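Single-structure report; data block below.
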Amino acid sequence: MGAEAEVIVPVQQTITTVLDVPCCSDVDFKSPDTTILQFVPSIRSGSFADIGPRRFMEDEHIRIDDLSEHLGSLVRFPQPCAFYGVFDGHGGPEAAAYVRKHVLRLLFEDANFPQTSEVDDAFLKEVENSLREGFLLADLALADECNVCSSSGTTALTALVLGRLLMVANVGDCRAVLCHKGEAINMSQDHRPNYASERRRVEELGGFIDDGYLNGVLSVTRALGDWDMKLPRGSASPLIAEPEFRQIILSEDDEFLIIGCDGIWDVMSSQQAVNLVRRGLRRHDDPEQCAKDLVMEALRLNTFDNLTVVIVCFTSVDHSEPSQSRQRRLRCCSFSAEALCSLQSWLDNSGSR
């Protein structure tokens, strides 16, 4: 899988306490902590998708562990460089399928993505602006695409790793959750009508919330596509494609990232998902199996939606502790020489009877 972009769609196949996640302006690259400087993420990933109880599969996803190799030798990015995305479609699968197919071109070519081998504040701002432009270009492309119905749309959550930087861009209600020393850190905000900030923005733009739905129709307040709710083009709409960003400088305490569609988060909390994945990685160190386990758990909990999970590991699991524990247990069970002699004598006497 490595550098290969992949879509896995087998037909069978609340939020906990959040630490302060730095915003773009909060990250200082001039005087980073020495430990962070020495840490280099070791990237590997796994994914799994299932149609769930729905009649049609509308989820799409992409995972690329080596973005530089995938895009070619002409691009220069800090290393490691990886890219992941989950796209949860609605009103048909067309919008999600289109965005997944064209996302690399839209974000890294059409949006003039900046290139450098070093990460600093200026580059960071350029990356954020470029990704924002790419999301808006994707939204406009859906308006012009004749094969995409005007009532078809998709949420979009992308995660970009550039060296030690993790940047998450989100439109909609997919969610990214970082495991930091076992604690779930939400790296995205669900864009749903029940969140006060989104409700306020919607109402200021002339929209309304009816029974938890935007204008009585849509369960999210941000999405790509859905042009039947945005026309005429250029007019102010309560449904927007503007992404929100969260970012963090990764350290050795950051173990993995879970990216999942809302079918996962409708039935479990961020912390529950982190606990399940962490246990799995400690058992078998297989992110693909952990992604499947998370999907199967959501099905067991009676989710009503399609299911897609991508898990990105930043560190290798340390297996030394279990082996040391086994050694301790073996030492505790060892016999002294005197005890062994007594046992052998007893066995000899028993055999002679």
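In the structure tokens, chains take letters A, B, ... by order of appearance, with residues numbered from 1 within each chain and ligands from 1 in the order shown.
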
Next item on the list: Enumerate as a PyMOL selection string all residues of range 99-296 of chain A assigned to helix (DSSP H, G or I) by DSSP on the backbone, naming them with the chain letters and numbers the document uses.
Entry: chain A and resi 99-110+121-144+196-204+227-229+262-265+270-284+287-296

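Using only C-alpha atoms, the contacts of Leu205 in chain A at a cut-off of 9 Å, with sequence neighbours closer than 5 positions omitted, comprise A:Arg200, A:Ala236, A:Ser237, A:Pro238.
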
Any chance you could export the current selection's C-alpha atoms as an mmCIF file, in the first residue's frame?
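Result file follows (out.cif):
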data_model
loop_
_atom_site.group_PDB
_atom_site.id
_atom_site.type_symbol
_atom_site.label_atom_id
_atom_site.label_comp_id
_atom_site.auth_asym_id
_atom_site.auth_seq_id
_atom_site.Cartn_x
_atom_site.Cartn_y
_atom_site.Cartn_z
ATOM 1 C CA ARG A 200 -25.152 31.475 14.814
ATOM 2 C CA ALA A 236 -24.360 34.313 0.427
ATOM 3 C CA SER A 237 -25.418 30.833 1.504
ATOM 4 C CA PRO A 238 -25.651 29.375 5.021
#

Next item on the list: Counting only C-alpha atoms, figure out which residue out of A:Ile209, A:Leu301, A:Leu162, A:Met296 gets nearest to Gln115 in chain A.
Entry: A:Leu162

Report as a tab-separated table: every residue of range 222-326 of chain A with an atom at most 12 Å from range 52-76 of chain A, its closest pair of atoms, and their distance in Å to one decimal, counting only C-alpha atoms, with rows sorted by chain and ascending residue number.
residue	atom	partner	partner_atom	distance
A:Ile259	CA	A:His61	CA	9.8
A:Gly260	CA	A:His61	CA	9.7
A:Cys261	CA	A:Asp59	CA	8.0
A:Asp262	CA	A:Asp59	CA	10.4
A:Gly263	CA	A:Gly52	CA	8.8
A:Ile264	CA	A:Gly52	CA	10.7
A:Glu288	CA	A:Arg63	CA	11.8
A:Val295	CA	A:Gly52	CA	9.0
A:Met296	CA	A:Gly52	CA	9.4
A:Glu297	CA	A:Gly52	CA	11.5
A:Ala298	CA	A:Gly52	CA	9.2
A:Leu299	CA	A:Gly52	CA	6.8
A:Arg300	CA	A:Gly52	CA	10.4
A:Leu301	CA	A:Gly52	CA	11.4
A:Asn302	CA	A:Pro53	CA	8.7
A:Thr303	CA	A:Gly52	CA	7.6
A:Phe304	CA	A:Pro53	CA	5.9
A:Asp305	CA	A:Gly52	CA	5.9
A:Asn306	CA	A:Gly52	CA	4.9
A:Leu307	CA	A:Gly52	CA	6.3
A:Thr308	CA	A:Asp59	CA	6.8
A:Val309	CA	A:His61	CA	8.5
A:Val310	CA	A:Arg63	CA	7.6
A:Ile311	CA	A:Arg63	CA	9.4
A:Val312	CA	A:Asp65	CA	8.7
A:Cys313	CA	A:Asp65	CA	10.2
A:Phe314	CA	A:Asp65	CA	10.9

Export C-alpha atoms of the chosen residues as a CSV table (one decimal), in the first residue's frame?
chain,number,residue,atom,x,y,z
A,259,ILE,CA,-10.1,9.6,10.7
A,260,GLY,CA,-13.7,8.4,10.5
A,261,CYS,CA,-17.0,9.3,9.0
A,262,ASP,CA,-19.9,10.2,11.2
A,263,GLY,CA,-21.2,6.6,11.1
A,264,ILE,CA,-18.4,5.8,13.7
A,288,GLU,CA,-5.5,-2.2,8.9
A,295,VAL,CA,-15.9,-0.5,11.9
A,296,MET,CA,-17.1,-3.9,13.3
A,297,GLU,CA,-17.6,-2.3,16.7
A,298,ALA,CA,-19.7,0.5,15.2
A,299,LEU,CA,-21.8,-2.1,13.4
A,300,ARG,CA,-22.2,-4.0,16.7
A,301,LEU,CA,-23.4,-0.8,18.3
A,302,ASN,CA,-26.1,-0.5,15.6
A,303,THR,CA,-24.9,2.5,13.6
A,304,PHE,CA,-27.3,3.5,10.8
A,305,ASP,CA,-24.7,4.8,8.3
A,306,ASN,CA,-21.9,3.8,5.9
A,307,LEU,CA,-18.6,3.3,7.7
A,308,THR,CA,-15.1,4.4,6.8
A,309,VAL,CA,-12.0,4.5,9.0
A,310,VAL,CA,-8.4,5.5,8.3
A,311,ILE,CA,-5.8,4.9,11.0
A,312,VAL,CA,-2.3,6.6,10.7
A,313,CYS,CA,0.4,5.5,13.0
A,314,PHE,CA,3.3,7.9,13.9

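The nearest approach to Ala96 in chain A among the residues A:Val277, A:Leu165, A:Ala223, A:Ile240, with only C-alpha atoms taken into account, belongs to A:Ala223.
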
Item checked: Distance in Å - CA of Ile258 in chain A versus CA of Lys125 in chain A -> 24.5 Å

Next item on the list: Using only C-alpha atoms, find the one residue out of A:Ala159, A:Met167, A:Leu104, A:Leu281 that sits nearest to Val127 in chain A.
Entry: A:Met167

Next item on the list: Name the closest residue to Glu255 in chain A among the candidates A:Ser269, A:Ser197, A:Asn186, A:Ser42; distances are taken between atoms, counting only C-alpha atoms.
Entry: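 So, comparing all the options, the nearest one is A:Ser42.
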
Check: If you run DSSP on the backbone, which residues of range 127-250 of chain A are strand (DSSP E), as an MDAnalysis selection string?
Finding: chainID A and resid 153:154 156:162 165:171 175:180 183:186 209:210 213:214 224:225 244:249

Write out, as a CSV table (one decimal), in the first residue's frame, the residues just selected, with N, CA and C atoms.
chain,number,residue,atom,x,y,z
A,153,GLY,N,-23.8,16.1,-2.6
A,153,GLY,CA,-22.7,16.8,-1.9
A,153,GLY,C,-21.9,15.8,-1.1
A,154,THR,N,-20.9,16.3,-0.5
A,154,THR,CA,-20.0,15.5,0.4
A,154,THR,C,-19.3,16.3,1.4
A,156,ALA,N,-15.8,16.6,3.7
A,156,ALA,CA,-14.4,16.3,3.4
A,156,ALA,C,-13.5,16.6,4.6
A,157,LEU,N,-12.7,15.6,4.9
A,157,LEU,CA,-11.7,15.8,6.0
A,157,LEU,C,-10.4,15.3,5.5
A,158,THR,N,-9.4,16.1,5.5
A,158,THR,CA,-8.1,15.7,5.0
A,158,THR,C,-7.1,15.9,6.1
A,159,ALA,N,-6.1,15.0,6.2
A,159,ALA,CA,-5.0,15.1,7.1
A,159,ALA,C,-3.7,15.1,6.3
A,160,LEU,N,-2.8,16.1,6.6
A,160,LEU,CA,-1.6,16.2,5.8
A,160,LEU,C,-0.4,16.2,6.9
A,161,VAL,N,0.5,15.3,6.6
A,161,VAL,CA,1.7,15.2,7.5
A,161,VAL,C,2.9,15.8,6.7
A,162,LEU,N,3.5,16.8,7.2
A,162,LEU,CA,4.7,17.4,6.6
A,162,LEU,C,5.8,17.4,7.6
A,165,LEU,N,4.8,18.2,11.3
A,165,LEU,CA,3.6,18.9,11.3
A,165,LEU,C,2.4,18.0,10.9
A,166,LEU,N,1.3,18.1,11.7
A,166,LEU,CA,0.1,17.4,11.3
A,166,LEU,C,-1.0,18.5,11.1
A,167,MET,N,-1.5,18.7,9.9
A,167,MET,CA,-2.5,19.7,9.6
A,167,MET,C,-3.8,19.0,9.2
A,168,VAL,N,-4.9,19.3,9.8
A,168,VAL,CA,-6.2,18.7,9.5
A,168,VAL,C,-7.1,19.8,9.0
A,169,ALA,N,-7.7,19.6,7.8
A,169,ALA,CA,-8.7,20.5,7.2
A,169,ALA,C,-10.0,19.8,7.2
A,170,ASN,N,-11.1,20.5,7.6
A,170,ASN,CA,-12.4,19.8,7.7
A,170,ASN,C,-13.6,20.6,7.2
A,171,VAL,N,-14.4,20.0,6.5
A,171,VAL,CA,-15.7,20.5,6.1
A,171,VAL,C,-16.8,19.4,6.3
A,175,ARG,N,-14.6,13.1,11.4
A,175,ARG,CA,-13.8,13.6,12.6
A,175,ARG,C,-12.4,13.0,12.5
A,176,ALA,N,-11.4,13.7,13.0
A,176,ALA,CA,-10.0,13.3,13.2
A,176,ALA,C,-9.7,13.3,14.6
A,177,VAL,N,-9.2,12.2,15.2
A,177,VAL,CA,-8.9,12.1,16.6
A,177,VAL,C,-7.4,11.7,16.8
A,178,LEU,N,-6.7,12.4,17.5
A,178,LEU,CA,-5.3,12.1,17.8
A,178,LEU,C,-5.1,11.4,19.1
A,179,CYS,N,-4.4,10.3,19.1
A,179,CYS,CA,-4.1,9.7,20.4
A,179,CYS,C,-2.8,10.2,21.0
A,180,HIS,N,-2.9,11.0,22.1
A,180,HIS,CA,-1.7,11.6,22.7
A,180,HIS,C,-1.5,10.9,24.1
A,183,GLU,N,-4.7,9.6,25.4
A,183,GLU,CA,-5.8,10.5,25.5
A,183,GLU,C,-6.3,10.9,24.2
A,184,ALA,N,-7.6,11.0,24.0
A,184,ALA,CA,-8.2,11.4,22.7
A,184,ALA,C,-8.2,12.9,22.6
A,185,ILE,N,-7.6,13.4,21.5
A,185,ILE,CA,-7.5,14.8,21.2
A,185,ILE,C,-8.2,15.1,19.9
A,186,ASN,N,-9.4,15.8,19.9
A,186,ASN,CA,-10.1,16.1,18.7
A,186,ASN,C,-9.4,17.1,17.8
A,209,ILE,N,-32.5,26.5,11.3
A,209,ILE,CA,-32.4,25.1,11.8
A,209,ILE,C,-33.7,24.6,12.1
A,210,ASP,N,-34.1,23.4,11.5
A,210,ASP,CA,-35.4,22.8,11.8
A,210,ASP,C,-35.2,21.4,12.1
A,213,TYR,N,-31.7,20.1,11.3
A,213,TYR,CA,-31.3,20.1,9.9
A,213,TYR,C,-31.2,21.5,9.4
A,214,LEU,N,-30.2,21.8,8.6
A,214,LEU,CA,-30.0,23.1,8.0
A,214,LEU,C,-31.1,23.3,7.0
A,224,LEU,N,-19.1,20.2,0.5
A,224,LEU,CA,-18.7,20.5,-0.9
A,224,LEU,C,-19.9,20.0,-1.7
A,225,GLY,N,-20.3,20.8,-2.8
A,225,GLY,CA,-21.4,20.5,-3.6
A,225,GLY,C,-22.7,21.0,-3.0
A,244,GLU,N,-12.2,24.4,8.1
A,244,GLU,CA,-11.6,24.8,9.4
A,244,GLU,C,-10.3,24.0,9.6
A,245,PHE,N,-9.3,24.6,10.1
A,245,PHE,CA,-8.0,24.0,10.3
A,245,PHE,C,-7.6,23.8,11.8
A,246,ARG,N,-7.0,22.6,12.0
A,246,ARG,CA,-6.3,22.4,13.3
A,246,ARG,C,-5.0,21.8,13.0
A,247,GLN,N,-4.0,22.1,13.8
A,247,GLN,CA,-2.7,21.6,13.5
A,247,GLN,C,-1.9,21.4,14.8
A,248,ILE,N,-0.9,20.6,14.7
A,248,ILE,CA,-0.1,20.3,15.9
A,248,ILE,C,1.3,19.8,15.4
A,249,ILE,N,2.3,20.1,16.3
A,249,ILE,CA,3.7,19.6,16.0
A,249,ILE,C,3.7,18.2,16.7

Please provide the set of residues having any atom within 9 Å of Val148 in chain A, restricted to only C-alpha atoms, with same-chain residues fewer than 2 positions apart removed, written as an mmCIF file with N, CA and C atoms, in the first residue's frame.
data_model
loop_
_atom_site.group_PDB
_atom_site.id
_atom_site.type_symbol
_atom_site.label_atom_id
_atom_site.label_comp_id
_atom_site.auth_asym_id
_atom_site.auth_seq_id
_atom_site.Cartn_x
_atom_site.Cartn_y
_atom_site.Cartn_z
ATOM 1 N N GLY A 92 -26.557 10.848 -3.066
ATOM 2 C CA GLY A 92 -25.920 10.063 -4.117
ATOM 3 C C GLY A 92 -24.410 10.032 -3.941
ATOM 4 N N PRO A 93 -23.733 9.055 -4.565
ATOM 5 C CA PRO A 93 -22.286 8.887 -4.381
ATOM 6 C C PRO A 93 -21.431 9.763 -5.287
ATOM 7 N N GLU A 94 -22.042 10.509 -6.209
ATOM 8 C CA GLU A 94 -21.278 11.174 -7.264
ATOM 9 C C GLU A 94 -20.306 12.236 -6.746
ATOM 10 N N ALA A 95 -20.750 13.066 -5.807
ATOM 11 C CA ALA A 95 -19.893 14.158 -5.325
ATOM 12 C C ALA A 95 -18.667 13.614 -4.600
ATOM 13 N N TYR A 98 -16.249 12.056 -7.094
ATOM 14 C CA TYR A 98 -15.543 13.069 -7.882
ATOM 15 C C TYR A 98 -14.410 13.694 -7.068
ATOM 16 N N LEU A 142 -17.627 20.905 -8.555
ATOM 17 C CA LEU A 142 -18.855 20.114 -8.456
ATOM 18 C C LEU A 142 -20.035 20.844 -9.089
ATOM 19 N N ALA A 143 -20.022 22.169 -9.036
ATOM 20 C CA ALA A 143 -21.101 22.945 -9.661
ATOM 21 C C ALA A 143 -21.063 22.810 -11.176
ATOM 22 N N ASP A 144 -19.853 22.645 -11.731
ATOM 23 C CA ASP A 144 -19.690 22.592 -13.185
ATOM 24 C C ASP A 144 -19.691 21.173 -13.739
ATOM 25 N N GLU A 145 -19.601 20.175 -12.862
ATOM 26 C CA GLU A 145 -19.502 18.785 -13.315
ATOM 27 C C GLU A 145 -20.884 18.251 -13.692
ATOM 28 N N CYS A 146 -21.053 17.923 -14.980
ATOM 29 C CA CYS A 146 -22.376 17.508 -15.467
ATOM 30 C C CYS A 146 -22.805 16.156 -14.921
ATOM 31 N N SER A 150 -27.061 18.364 -8.771
ATOM 32 C CA SER A 150 -26.955 19.568 -7.937
ATOM 33 C C SER A 150 -27.356 19.314 -6.488
ATOM 34 N N SER A 151 -28.066 18.215 -6.228
ATOM 35 C CA SER A 151 -28.445 17.879 -4.851
ATOM 36 C C SER A 151 -27.462 16.912 -4.206
ATOM 37 N N SER A 152 -26.386 16.567 -4.928
ATOM 38 C CA SER A 152 -25.359 15.671 -4.386
ATOM 39 C C SER A 152 -24.243 16.494 -3.760
ATOM 40 N N GLY A 153 -23.793 16.074 -2.594
ATOM 41 C CA GLY A 153 -22.716 16.773 -1.908
ATOM 42 C C GLY A 153 -21.887 15.804 -1.095
ATOM 43 N N GLY A 225 -20.255 20.824 -2.757
ATOM 44 C CA GLY A 225 -21.398 20.460 -3.588
ATOM 45 C C GLY A 225 -22.695 21.001 -3.016
#

Next item on the list: May I ask which of the residues A:Gly280, A:Phe208, A:Lys181, A:Ser270 is the closest one to Glu252 in chain A, counting only C-alpha atoms?
Entry: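 For Glu252 in chain A, the nearest of the candidates is A:Lys181.
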
Note to self: Can you measure CA of His102 in chain A to CA of Leu239 in chain A for me? One decimal in Å is fine.
What the structure shows: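 Result for CA of His102 in chain A versus CA of Leu239 in chain A: 22.0 Å, one decimal.
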
Excluding range 130-132 of chain A and residues on its chain fewer than 2 positions from it, collect all residues at most 8 Å away from it, counting only C-alpha atoms, and give them as a PDB file with N, CA and C atoms, in the first residue's frame.
ATOM      1  N   LEU A 107      -5.880  19.987  -4.788  1.00  0.00           N
ATOM      2  CA  LEU A 107      -5.164  20.527  -3.626  1.00  0.00           C
ATOM      3  C   LEU A 107      -3.704  20.834  -3.910  1.00  0.00           C
ATOM      4  N   ALA A 111      -4.257  24.410  -6.911  1.00  0.00           N
ATOM      5  CA  ALA A 111      -4.178  25.421  -5.850  1.00  0.00           C
ATOM      6  C   ALA A 111      -2.760  25.938  -5.625  1.00  0.00           C
ATOM      7  N   ASN A 112      -1.806  25.540  -6.500  1.00  0.00           N
ATOM      8  CA  ASN A 112      -0.415  26.004  -6.393  1.00  0.00           C
ATOM      9  C   ASN A 112       0.161  25.764  -5.003  1.00  0.00           C
ATOM     10  N   PHE A 113       0.175  24.510  -4.596  1.00  0.00           N
ATOM     11  CA  PHE A 113       0.660  24.154  -3.264  1.00  0.00           C
ATOM     12  C   PHE A 113       2.130  24.544  -3.123  1.00  0.00           C
ATOM     13  N   PRO A 114       2.501  25.208  -2.018  1.00  0.00           N
ATOM     14  CA  PRO A 114       3.893  25.648  -1.839  1.00  0.00           C
ATOM     15  C   PRO A 114       4.837  24.464  -1.669  1.00  0.00           C
ATOM     16  N   GLU A 126       1.167  29.505   4.064  1.00  0.00           N
ATOM     17  CA  GLU A 126       0.952  29.215   2.645  1.00  0.00           C
ATOM     18  C   GLU A 126       0.218  27.893   2.457  1.00  0.00           C
ATOM     19  N   VAL A 127       0.581  26.891   3.254  1.00  0.00           N
ATOM     20  CA  VAL A 127      -0.079  25.585   3.167  1.00  0.00           C
ATOM     21  C   VAL A 127      -1.560  25.721   3.489  1.00  0.00           C
ATOM     22  N   GLU A 128      -1.858  26.433   4.569  1.00  0.00           N
ATOM     23  CA  GLU A 128      -3.253  26.609   4.969  1.00  0.00           C
ATOM     24  C   GLU A 128      -4.044  27.336   3.880  1.00  0.00           C
ATOM     25  N   GLY A 134      -7.937  24.970  -2.385  1.00  0.00           N
ATOM     26  CA  GLY A 134      -8.250  23.685  -2.990  1.00  0.00           C
ATOM     27  C   GLY A 134      -9.646  23.196  -2.651  1.00  0.00           C
ATOM     28  N   PHE A 135     -10.067  23.378  -1.398  1.00  0.00           N
ATOM     29  CA  PHE A 135     -11.423  22.994  -0.997  1.00  0.00           C
ATOM     30  C   PHE A 135     -12.460  23.802  -1.780  1.00  0.00           C
ATOM     31  N   LEU A 136     -12.227  25.109  -1.911  1.00  0.00           N
ATOM     32  CA  LEU A 136     -13.182  25.961  -2.620  1.00  0.00           C
ATOM     33  C   LEU A 136     -13.203  25.641  -4.116  1.00  0.00           C
ATOM     34  N   ALA A 169      -7.727  19.579   7.819  1.00  0.00           N
ATOM     35  CA  ALA A 169      -8.705  20.512   7.242  1.00  0.00           C
ATOM     36  C   ALA A 169     -10.042  19.795   7.167  1.00  0.00           C
ATOM     37  N   GLU A 242     -16.061  26.406   3.227  1.00  0.00           N
ATOM     38  CA  GLU A 242     -14.858  26.926   3.892  1.00  0.00           C
ATOM     39  C   GLU A 242     -14.366  25.925   4.929  1.00  0.00           C
ATOM     40  N   PRO A 243     -13.132  25.400   4.787  1.00  0.00           N
ATOM     41  CA  PRO A 243     -12.635  24.427   5.769  1.00  0.00           C
ATOM     42  C   PRO A 243     -12.140  25.098   7.047  1.00  0.00           C
TER      43      PRO A 243
END

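One finds CA of Val119 in chain A at 8.9 Å from CA of Phe77 in chain A.
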
Next item on the list: Show which residues sit within 7 Å of range 189-191 of chain A, as a ChimeraX atom specification. Count only C-alpha atoms, and ignore same-chain residues fewer than 4 positions away.
Entry: /A:171-175,198,220-222

With C-alpha atoms kept, could you save the residues just selected as a tab-separated table (two decimals), in the first residue's frame?
chain	number	residue	atom	x	y	z
A	171	VAL	CA	-15.74	20.53	6.07
A	172	GLY	CA	-18.67	18.61	7.57
A	173	ASP	CA	-18.97	15.98	10.27
A	174	CYS	CA	-16.19	13.50	9.64
A	175	ARG	CA	-13.78	13.58	12.56
A	198	GLU	CA	-22.42	27.05	13.41
A	220	VAL	CA	-24.31	19.36	8.19
A	221	THR	CA	-23.64	23.09	7.93
A	222	ARG	CA	-20.56	22.83	5.69
